[in-house]
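Q: Would you mind keeping the following structure in view while I ask a few things?
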Amino acid sequence: MPRPDDGEQRGRGRALAVLGVLLVAYAALGARIVYLQVVQGPALAQRAERQHEQSIAVEAERGTMYDRRGHVLATDLTVPSLYAVPPMIDNPQSVARELAAVLGIDSAPLAKRLTEPRAFVWLSRRIDPAVAKAVEDLGADGVRLLPERRRVYPKKALLGQVLGFAGADHVGLEGIERAYDRVLRGEKGWLIYERDGMGRRLFPKDLRYVAPSRGRDLVLTIDEVVQYISERELDAALAESGADGGTILVMNPADGGLLAMAVRPAFNPNDVDPRHPGLWRNRAVTDLFEPGSTFKVVAAAAALEAGVVRPGDLIDCERGRWAIAGGALHDHEPLGRISFSEVIAKSSNIGIAKVAERLGPERLARAIAAFGFGRKTGIDLGGEVSGRLKPAARWSGRSLVTMAIGQEVAVTSIQLVTAYAAIANGGRLVKPHVVAEVRDGQGTPLPIRLDDGAETRVMSERTAEVLTGLLEGVVSPGGTGAFAALDGVSVAGKTGTAQQIDPATGRYAADRVVSSFVGFAPSRRPAVVILVVIDNPDGRGWGSAVAAPVFRRVAEATLRHLEAPDEVPPGAAPTLLARR
């Protein structure tokens with residue numbers, strides 16, 4: 001039988017157990033409180049503060065773009081913008097009338113904005129500084145000015161499609177502005193205000209301002225003067241020939257840097273019209289055309305490299321008509337047995353086609369690919385296309401000869417000038433580019449490696465030297481490019497006249513051509529490679545008559561500006577064109 005004190009002992013045990021549990025719980029709670037207050041306190045306080053904060057982004061100043069000599073091509077202006085904090089305005093109607101008188105607008109829309117239940121409303125963005133001063137003089141509570149950025153292009157339409165433009169949110173949308181947006185853009189700043197525990201807005205006299213960080217600057221390979229020369233001569237050529245448009249590229253063959261990239265129709269990035277987006281397009285990298293006779297250097301280089309032809313070899317040009325592959329090939333003049341040098345100088349279709357037959361389709365296809373056709377060059381601009389090139393497995397019975405004369409293949413201007421740069425520099429295919437250097441806001445070069453791309457050898461130096469001699473013959477008296485010759489400066493180059501495809505019929509249009517000339521000077525130690533493309537000139541539009549004289553004028557003015565000698569000493573690249 002249990003003793004009388006057993007129940008009391010069990011009761012005391014249960015009480016002690018409950019007390020122990022409570023003590024453990026209180027200890028855990030205390031430890032948690034200490035942890036939250038001491039260990040996590042600062043982080044939690046920051047989180048609570050962030051929950052009470054609201055912010056408005058302030059765009060950073062974009063970096064400036066300079067030409068290779070330090071001339072400003074694109075920059076930001078700091079301009080005032082007007083905003084309001086409506087809850088701080090006691091008499092919106094009166095303030096609206098005062099502001100309307102200064103801004104020169106109707107007061108009703110302003111009054112509506114000033115009564116909106118918001119912490120921040122724009123009233124007028126990027127206003128004239130004199131107007132901003134007049135607003136400040138009003139001294140209206142809740143009406144404030146905020147510095148904003150406006151992108152401007154001081155040279156107006158000069159280099160328009162290449163520079164591109166930035167949108168209203170200061171993000172690059174076209175051209176270099178888009179391709180290098182992350183470099184140029186910088187880091188946003190913030191306007192910060194607070195809310196109370198109930199979510200209601202608090203409006204201190206001064207909002208907190210976190211300043212943005214400026215973007216980085218770009219130094220381009222472009223030379224403003226060479227760009228101006230190219231655009232001036234392109235405009236004159238279009239006016240004279242009645243052409244639809246055109247392109248002039250000027251490249252440093254030593255490293256692929258573009259000194260000029262002129263594109264027409266023109267585009268002014270200060271005045272972007274969304275109704276005409278076609279004007280924004282950089283046709284030098286986006287538009288295709290059949291290169292015609294300028295493409296003959298590919299078969300010539302491959303044949304010389306393979307040893308299947310020499311400059312003095314005689315070739316029968318069949319008096320201007322040669323039956324082949326179920327059709328006929330024609331020359332622009334009846335030619336008989338002439339040397340391979342004359343085939344190039346007189347631009348004989350039949351002569352180069354016969355050389356291509358010696359070469360064969362496989363070696364010609366390899367040469368076309370080696371020169372970079374059928375793929376993007378990798379230039380540091382958006383929108384580049386690969387061109388149009390059929391794989392050798394899909395070539396027809398005529399493809400060997402038609403491709404040798406620049407048909408059945410479509411190229412971009414940047415591909416063609418890069419291919420000729422490979423001849424000019426001794427056989428190296430370099431990567432074209434428009435940006436030479438990235439700098440911080442103090443003008444200090446930054447340790448950012450710009451990808452030059454791996455160089456590819458297209459031909460031996462000996463082949464490039466022989467081919468240069470053949471191209472010098474083109475510009476000599478009796479050659480198709482005689483109008484490109486310069487006084488006292490050696491020139492090597494090639495004319496091109498190619499029919500365009502009529503999209504309605506899918507056949508060549510007799511009345512639409514692309515006239516071109518591409519060459520380099522001085523020919524033995526070149527400072528520049530220049531490509532001129534004129535789209536659909538009036539009349540016959542031969543490259544010799546339309547494009548070659550434009551090359552001459554651009555080359556004369558450019559070499560004079562660069563102070564380039566006729567011949568650079570052996571082994572030396574033109575230092576005035578070296579990348580900075």
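A note on labels: chains of the structure tokens are A, B, ... as shown, every chain counts residues from 1, and ligands are counted from 1 in their shown order.
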Would you list, as number ranges by chain, the residues of stretch 246-311 of chain A that end up in alpha helix (DSSP H) under DSSP run on this structure's backbone?

A: A: 283-286, 296-306

Q: Write out as a list in words each polymer residue whose atoms come within 8 Å of A:Leu531, counting only C-alpha atoms; drop sequence neighbours fewer than 3 positions from it.

A: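 Here the qualifying residues turn out to be Thr247, Ile248, Leu249, Val250, Ser413, Leu416, Val417, Ser516, Phe517, Val518, Gly519 and Phe551 of chain A.
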
Q: Could the residues in this selection be written to a file with N, CA and C atoms, as a short mmCIF file (atom, residue, chain, number, x, y, z; two decimals), in the first residue's frame?

A:
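Dumped to part.cif:
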data_model
loop_
_atom_site.label_atom_id
_atom_site.label_comp_id
_atom_site.auth_asym_id
_atom_site.auth_seq_id
_atom_site.Cartn_x
_atom_site.Cartn_y
_atom_site.Cartn_z
N THR A 247 29.45 53.42 -100.43
CA THR A 247 30.30 53.20 -99.26
C THR A 247 31.75 53.48 -99.64
N ILE A 248 32.47 54.12 -98.73
CA ILE A 248 33.92 54.26 -98.86
C ILE A 248 34.55 53.82 -97.54
N LEU A 249 35.48 52.88 -97.62
CA LEU A 249 36.22 52.43 -96.45
C LEU A 249 37.69 52.73 -96.64
N VAL A 250 38.33 53.22 -95.58
CA VAL A 250 39.78 53.45 -95.59
C VAL A 250 40.36 52.68 -94.41
N SER A 413 31.17 45.05 -97.86
CA SER A 413 32.29 45.96 -98.11
C SER A 413 33.44 45.69 -97.15
N LEU A 416 35.51 42.74 -98.33
CA LEU A 416 36.31 43.00 -99.52
C LEU A 416 37.54 43.84 -99.19
N VAL A 417 37.39 44.89 -98.39
CA VAL A 417 38.55 45.72 -98.07
C VAL A 417 39.53 44.95 -97.19
N SER A 516 32.71 49.54 -108.49
CA SER A 516 33.63 49.57 -107.35
C SER A 516 35.07 49.69 -107.81
N PHE A 517 35.88 50.15 -106.89
CA PHE A 517 37.33 50.13 -107.05
C PHE A 517 37.92 49.94 -105.66
N VAL A 518 38.90 49.04 -105.56
CA VAL A 518 39.58 48.83 -104.29
C VAL A 518 41.07 48.75 -104.58
N GLY A 519 41.85 49.49 -103.79
CA GLY A 519 43.28 49.50 -104.02
C GLY A 519 44.04 50.02 -102.81
N PHE A 551 38.31 56.97 -105.89
CA PHE A 551 39.48 56.44 -105.17
C PHE A 551 40.63 57.42 -105.25
#

Q: Which residues are close to A:Arg552, i.e. within 10 Å by only C-alpha atoms, leaving aside same-chain residues fewer than 2 positions away? Reply as a ChimeraX atom specification.

A: /A:482-487,491,517,519,530,547-550,554-558

Q: Expressed in Å to a single decimal, how great is the separation between atom CA of A:Glu224 and atom CA of A:Phe267?

A: 16.3 Å

Q: Can you pull out the residues contacting A:Ala422? Cut-off 8 Å, using only C-alpha atoms, and skip same-chain residues under 5 positions away; I want them as a list in words.

A: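 My reading of the contact set: Pro253, Phe371, Gly427, Arg428, Leu429, Val430 and Val458 of chain A.
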
Q: Can you spit out the residues from that selection as a JSON list (two decimals), in the first residue's frame, using C-alpha atoms?

A:
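Heads up, here's the output in again_26.json:
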[["chain", "number", "residue", "atom", "x", "y", "z"],
["A", 253, "PRO", "CA", 46.46, 47.30, -93.71],
["A", 371, "PHE", "CA", 40.35, 35.28, -97.71],
["A", 427, "GLY", "CA", 49.61, 37.97, -97.08],
["A", 428, "ARG", "CA", 48.15, 38.34, -93.56],
["A", 429, "LEU", "CA", 44.38, 38.44, -93.00],
["A", 430, "VAL", "CA", 43.90, 40.90, -90.12],
["A", 458, "VAL", "CA", 46.38, 33.78, -96.84]]

Q: Between A:Ala392, A:Val466, A:Val210, A:Ala424, single out the one closest to A:Pro361, counting only C-alpha atoms.

A: A:Ala392

Q: Residues at most 9 Å from A:Arg439, counting only C-alpha atoms, excluding those fewer than 6 positions away in the same chain, as JSON, numbers by chain?

A: {"A": [63, 216, 217, 218, 219, 445, 446, 447]}

Q: Can you pull out the residues contacting A:Leu145? Cut-off 8 Å, using only C-alpha atoms, and skip same-chain residues under 2 positions away; I want them as a PDB file with C-alpha atoms, in the first residue's frame.

A:
ATOM      1  CA  PRO A  80      18.715  70.278 -65.951  1.00  0.00           C
ATOM      2  CA  SER A  81      15.432  68.406 -65.651  1.00  0.00           C
ATOM      3  CA  LEU A  82      12.484  69.600 -63.575  1.00  0.00           C
ATOM      4  CA  TYR A  83      10.591  67.380 -61.145  1.00  0.00           C
ATOM      5  CA  ALA A 132      16.110  76.254 -65.114  1.00  0.00           C
ATOM      6  CA  VAL A 143       9.763  71.842 -57.159  1.00  0.00           C
ATOM      7  CA  PRO A 147      20.978  67.040 -63.542  1.00  0.00           C
TER       8      PRO A 147
END
